[in-house]
Structure formats: structure tokens, C-alpha cells
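Participant: Here it is, the structure in full.
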Amino acid sequence: MNITFVTLTYPPEPAEQIHDLAKYLVKNNHTVNIITCLPSYPYGKIYKKFRNKLFDVKYVDGVKIIRVLVFPSQSPRIIHRMLYYMTFAISTIIPVISTKTDIFIAYHPPPSVIIPIIIKNFFRKTKFIYWINDMWPETLEVLKLSPLISKTLNKIHAFIYSKAMRIVVLSEGFKQNLKTKGVSEDKIEVIHNWINLNEFKIQKSNNDIYSKYNIKKNNFHIVYAGSQGKMQQLEVLIRAFKNLESYPNIKFLLLGTGTEHENLKKIIKLEKLNHKVFMLGRVPTLDLPYLYNIADAMIIHLKSLEINNSTIPHKIYGYMAAKKPIIGAITGDAANEIKRSNSGYTCDPGSPKKVSDIILKMYNHSNQERKSFGINGYNFVKQNRSINNQGYKFKNILT
């Protein structure tokens, strides 16, 4: 079968699971094409290696990757983000129309990835699977959209749902959301996210990694890795460390960047937490396993919104693959994954006091007890959330 993905993000951007699935399908004797843009996420600037190009075509691991130019932006301003999405839709029209394929997989967000597929459908009947990783417009609630925009987005998605052959979602909560919108249950498939078990394979952190990031040994390190946007509401985690002043060896390392990065720096300064909270920014992929190894526990927080009860952040599985205990200020499906795997503790989001309480709960465990949490998480993803078992489900839907 000839399969074509249309996706806004793709490696070297942090979108490894799409490439994992593409490689899996190639190994199972399918032809795979990727139509994406010149990489810019999460910086909002085209990566240096790809600048001064209108398009780029390469083969990686047997996968054909077609990249097009877009207006890159990670600005919180809606108009800039819309330009990013819409220029992608316009730039991919020709590649989508000219690509011979049996089926498309449109990776959402955003819904504009569907536009070139719908246009192609005017010329030739086109089959596509809609793979949803964020539920719109609910996920955009933090942007305080007007009722008119929300209503318009719902109508756009209702049209897309009606045209898709199948809709793949990452949780049962997402499935229930679609059912309430009138989507037939027979059309919806739940395929959880997965993780490459070798991606965060524990490696002994040498002195170089400590000195490179100015990290002191013999402290108790809580590590967050990932996006720093409004949805994560990381100021709650930062303020939790205000409650831990009497524990001078408990430190918080923040890896990554995002629209709230500069604001979080200001909060750290305002709360006088420069001695406890350290922002390392976006770090090279090769450094991640070493930095994960420094962690005594990994942490995650999602803003208290109804839609976040249904989502399962991909980083949870990365934490588990690294054999690290998890502190999760989350609810719903994501919290259930931590509970089912017995890989750590959860609490309701939004409360610095509740977060600091479960940090102390983890801190007061022995090293062996924390190690057991990490091994439980690793065994869970190995058995239930690897590309082999989740990719197999995807392959069955396609064939």
C-alpha cells in the first residue's frame, strides 16, 4: 500500500512518533511519503540547515519526506499562528495533488492539514484517515476564543469528520468527545501514543553534563521536559517550590521552551527562586538521556480544563521509558495511565500546595522505592505503549 502523511511537524522537530510509525510501515512492506513543512517548531524560525529553501525532498529510513516553505511562527498572537497554519495548507496543495497514494493520514492539529486533501478530492476521489492528537476547539480554550470562532471551528471539524474514512484518537476520552458530537462509534479507533524504548535509554551522566548545565551533584532533582505554553501552566510548579524552601537540596530543572518561557523566567525572579528553579532551555536531543538520568523524579502539569481530562501527553511515556518515577499534577486519562502503571503519584492541577505535597511524598521514599516506580512505568510502556503493539493496530486499520 502507498501511504502519505500530511503533517505540520516532523523530525528533526519533536514529532518522533510520526517517524516511528512511518518506519514501522516501511518495514511492513508499505511505501510511505511525508508531506510536511521546513522545520521551525518550537523556535518559530526555520532551522538553519533548511534556510533559503523553497522546498526540500529527502529519503530517511526508506521514507520519502517532502518539505515546503511556510510562514513560521510560535507567537501567542492568533494572527501569526493562523498564518503559520494557512501557509502550510496553501504550500502543500501541489505536493498533495501530485502525489500518487492509496490513502492519506492527516495528522491533527491543525485542521488546515485537511485543506489540500479536500482540494485533491475535487479532481480524484481521495481516502484519508484523520489522526487526532489534540481536540479542537476545546484545546484552544486557553486562548479565550469568541463563541463565533468556536462555533465555526466545530462546523469545520464536523465536515472533516464526515469525510474521513476513520478517525484515530489517543484516548477513550477523545472517543467519547467525538461521540457527543454525533460521530459514529464505528468510525472511531483508539490508538494510544507510543514511545521508542531506546529514545531515553538511561545513560550514566558524566561530569561533562553536570558542568555543561551548571548542575550540582548530590541534590534531589525534579525534572520537567517539554513545551512551556499556557496549557501546561508551569507557574504552578514553580510556585510549588516556594513551599519547599526548608528543603535546600530539592531542585527543579526545566527543559524546553515555548510561548510562556520568558514569563516563567520573570516568575522565578519575582518569587526569588533562582537558587531552586533552573531553566535550561531547549537542549540537544543527544543530551536528553543524560539529563533524564540526573532526575530523581519527572514531573508534569496540565491546566485544569475539561478537555485535559481526556488527553494523554506524550511526555508521560518518555518519562516511563527512562525508568523514572512520575509526579503528575493531572487528572483523567493521563492520571489513570500513571495509576495503572504504578509509576508515581498524581494530584489535582492548579495548586502549588498539592504539588509540593506529592513532591515531598516522593522525596521521602528510599532510592529503591523510587526505582521500583520507574521500573513499573518502563514495563507498562514496553508491554502496552510500544510502536510494535500500537503500530500493529494502525496497520490493521490501513489494510
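Ordering of the C-alpha cells sets the chain letters (A, B, ...), residue numbers begin anew at 1 in every chain, and ligands are numbered from 1 in the order given.
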Which residues are near Tyr107 of chain A? Cut-off 12 Å, only C-alpha atoms, ignore same chain within fewer than 4 positions. Put them as a PyMOL selection string.

Facilitator: chain A and resi 4-10+15+17-18+34-36+111-114+117+128-135+167-170

Participant: I need the residues in segment 44-184 of chain A that are helix (DSSP H, G or I) according to DSSP; give them as a ChimeraX atom specification.

Facilitator: /A:48-50,78-91,93-98,111-123,138-143,147-163,172-180

Participant: Please, could you write that set of residues out with C-alpha atoms as a PDB file, in the first residue's frame?

Facilitator:
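As written to disk, again.pdb reads:
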```
ATOM      1  CA  LYS A  48      19.471  26.836   9.996  1.00  0.00           C
ATOM      2  CA  LYS A  49      20.107  23.761   7.839  1.00  0.00           C
ATOM      3  CA  PHE A  50      16.878  24.392   5.872  1.00  0.00           C
ATOM      4  CA  ILE A  78      -3.593  34.337  16.864  1.00  0.00           C
ATOM      5  CA  ILE A  79      -2.981  36.093  13.526  1.00  0.00           C
ATOM      6  CA  HIS A  80       0.615  34.828  13.376  1.00  0.00           C
ATOM      7  CA  ARG A  81      -0.429  31.297  14.273  1.00  0.00           C
ATOM      8  CA  MET A  82      -3.153  31.365  11.613  1.00  0.00           C
ATOM      9  CA  LEU A  83      -0.583  32.464   9.001  1.00  0.00           C
ATOM     10  CA  TYR A  84       1.572  29.500  10.020  1.00  0.00           C
ATOM     11  CA  TYR A  85      -1.325  27.073   9.590  1.00  0.00           C
ATOM     12  CA  MET A  86      -2.752  28.553   6.390  1.00  0.00           C
ATOM     13  CA  THR A  87       0.547  28.963   4.540  1.00  0.00           C
ATOM     14  CA  PHE A  88       1.126  25.265   5.212  1.00  0.00           C
ATOM     15  CA  ALA A  89      -2.258  24.427   3.696  1.00  0.00           C
ATOM     16  CA  ILE A  90      -1.504  26.535   0.593  1.00  0.00           C
ATOM     17  CA  SER A  91       2.091  25.311   0.163  1.00  0.00           C
ATOM     18  CA  ILE A  93      -1.662  21.800  -2.315  1.00  0.00           C
ATOM     19  CA  ILE A  94       0.654  20.952  -5.223  1.00  0.00           C
ATOM     20  CA  PRO A  95       2.575  18.158  -3.407  1.00  0.00           C
ATOM     21  CA  VAL A  96      -0.702  16.579  -2.234  1.00  0.00           C
ATOM     22  CA  ILE A  97      -2.382  16.775  -5.650  1.00  0.00           C
ATOM     23  CA  SER A  98       0.692  15.411  -7.457  1.00  0.00           C
ATOM     24  CA  PRO A 111      -7.387  21.186  10.825  1.00  0.00           C
ATOM     25  CA  SER A 112      -5.793  23.084   7.925  1.00  0.00           C
ATOM     26  CA  VAL A 113      -3.822  19.902   7.097  1.00  0.00           C
ATOM     27  CA  ILE A 114      -7.064  18.647   5.554  1.00  0.00           C
ATOM     28  CA  ILE A 115      -7.462  21.523   3.066  1.00  0.00           C
ATOM     29  CA  PRO A 116      -5.098  20.180   0.353  1.00  0.00           C
ATOM     30  CA  ILE A 117      -6.678  16.711   0.691  1.00  0.00           C
ATOM     31  CA  ILE A 118     -10.182  18.132   0.247  1.00  0.00           C
ATOM     32  CA  ILE A 119      -8.985  20.094  -2.802  1.00  0.00           C
ATOM     33  CA  LYS A 120      -7.499  16.929  -4.295  1.00  0.00           C
ATOM     34  CA  ASN A 121     -10.852  15.251  -3.757  1.00  0.00           C
ATOM     35  CA  PHE A 122     -12.380  17.613  -6.351  1.00  0.00           C
ATOM     36  CA  PHE A 123     -10.145  16.043  -9.003  1.00  0.00           C
ATOM     37  CA  GLU A 138     -11.605  22.570  23.273  1.00  0.00           C
ATOM     38  CA  THR A 139      -7.788  22.640  23.437  1.00  0.00           C
ATOM     39  CA  LEU A 140      -7.870  26.301  22.372  1.00  0.00           C
ATOM     40  CA  GLU A 141      -9.929  27.234  25.426  1.00  0.00           C
ATOM     41  CA  VAL A 142      -6.849  28.864  26.972  1.00  0.00           C
ATOM     42  CA  LEU A 143      -6.910  31.399  24.111  1.00  0.00           C
ATOM     43  CA  PRO A 147     -18.293  31.901  20.671  1.00  0.00           C
ATOM     44  CA  LEU A 148     -18.457  32.630  16.936  1.00  0.00           C
ATOM     45  CA  ILE A 149     -14.935  31.271  16.293  1.00  0.00           C
ATOM     46  CA  SER A 150     -15.612  28.184  18.432  1.00  0.00           C
ATOM     47  CA  LYS A 151     -18.871  27.536  16.584  1.00  0.00           C
ATOM     48  CA  THR A 152     -17.105  27.938  13.223  1.00  0.00           C
ATOM     49  CA  LEU A 153     -14.339  25.534  14.228  1.00  0.00           C
ATOM     50  CA  ASN A 154     -16.911  22.962  15.346  1.00  0.00           C
ATOM     51  CA  LYS A 155     -18.632  23.180  11.960  1.00  0.00           C
ATOM     52  CA  ILE A 156     -15.311  22.785  10.125  1.00  0.00           C
ATOM     53  CA  HIS A 157     -14.477  19.712  12.174  1.00  0.00           C
ATOM     54  CA  ALA A 158     -17.939  18.217  11.706  1.00  0.00           C
ATOM     55  CA  PHE A 159     -17.343  18.441   7.940  1.00  0.00           C
ATOM     56  CA  ILE A 160     -13.912  16.803   8.262  1.00  0.00           C
ATOM     57  CA  TYR A 161     -15.285  14.016  10.473  1.00  0.00           C
ATOM     58  CA  SER A 162     -17.954  13.272   7.862  1.00  0.00           C
ATOM     59  CA  LYS A 163     -15.365  12.940   5.086  1.00  0.00           C
ATOM     60  CA  GLU A 172     -11.161   6.840  25.318  1.00  0.00           C
ATOM     61  CA  GLY A 173     -11.975  10.356  26.493  1.00  0.00           C
ATOM     62  CA  PHE A 174     -11.376  11.722  22.994  1.00  0.00           C
ATOM     63  CA  LYS A 175     -13.613   8.988  21.601  1.00  0.00           C
ATOM     64  CA  GLN A 176     -16.444   9.961  23.946  1.00  0.00           C
ATOM     65  CA  ASN A 177     -15.974  13.608  22.954  1.00  0.00           C
ATOM     66  CA  LEU A 178     -16.457  12.741  19.282  1.00  0.00           C
ATOM     67  CA  LYS A 179     -19.499  10.589  20.026  1.00  0.00           C
ATOM     68  CA  THR A 180     -21.182  13.540  21.765  1.00  0.00           C
TER      69      THR A 180
END
```

Participant: My list of candidates is A:Arg340, A:Lys230, A:Lys276, A:His30. Which is closest to Glu260 of chain A when distances are computed with only C-alpha atoms?

Facilitator: A:Lys230

Participant: Identify which of the residues A:His221, A:Arg239, A:His19, A:Lys58 lies closest to Tyr363 of chain A, counting only C-alpha atoms when measuring atom-to-atom distances.

Facilitator: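 Of A:His221, A:Arg239, A:His19, A:Lys58, the one nearest Tyr363 of chain A, counting only C-alpha atoms, is A:His221.
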
Participant: Please indicate the distance in Å from atom CA of Gly374 of chain A to atom CA of Glu199 of chain A, rounded to one decimal place.

Facilitator: 15.4 Å

Participant: Give me, as a ChimeraX atom specification, all polymer residues having an atom no more than 7 Å from segment 242-258 of chain A, counting only C-alpha atoms and skipping those fewer than 2 positions away in the same chain.

Facilitator: /A:42,219-229,239-240,260-261,276-283,356

Participant: For the residues selected in the previous step, produce a file with C-alpha atoms as a CSV table (one decimal), in the first residue's frame.

Facilitator:
```csv
chain,number,residue,atom,x,y,z
A,42,PRO,CA,9.3,25.1,18.6
A,219,ASN,CA,20.8,17.3,45.1
A,220,PHE,CA,17.3,15.9,44.6
A,221,HIS,CA,16.4,16.9,41.1
A,222,ILE,CA,12.8,17.2,39.8
A,223,VAL,CA,12.9,17.5,36.0
A,224,TYR,CA,10.2,18.8,33.6
A,225,ALA,CA,10.9,18.3,29.9
A,226,GLY,CA,8.6,19.7,27.1
A,227,SER,CA,6.5,22.6,26.0
A,228,GLN,CA,6.2,25.7,28.1
A,229,GLY,CA,2.9,27.1,27.0
A,239,ARG,CA,5.4,28.3,42.9
A,240,ALA,CA,5.3,24.8,44.5
A,260,GLU,CA,5.5,31.2,28.2
A,261,HIS,CA,9.3,30.7,28.5
A,276,LYS,CA,15.9,26.3,43.4
A,277,VAL,CA,14.4,26.5,39.9
A,278,PHE,CA,16.7,26.4,36.8
A,279,MET,CA,15.6,26.9,33.2
A,280,LEU,CA,17.9,25.0,30.8
A,281,GLY,CA,16.1,25.9,27.6
A,282,ARG,CA,15.9,23.6,24.6
A,283,VAL,CA,18.7,21.1,24.9
A,356,SER,CA,4.7,20.4,46.8
```

Participant: For Ala295 of chain A, which residue among A:Glu337, A:Asn263, A:Lys45, A:Lys204 is the nearest when counting only C-alpha atoms?

Facilitator: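 For Ala295 of chain A, the nearest of the given residues is A:Lys204.
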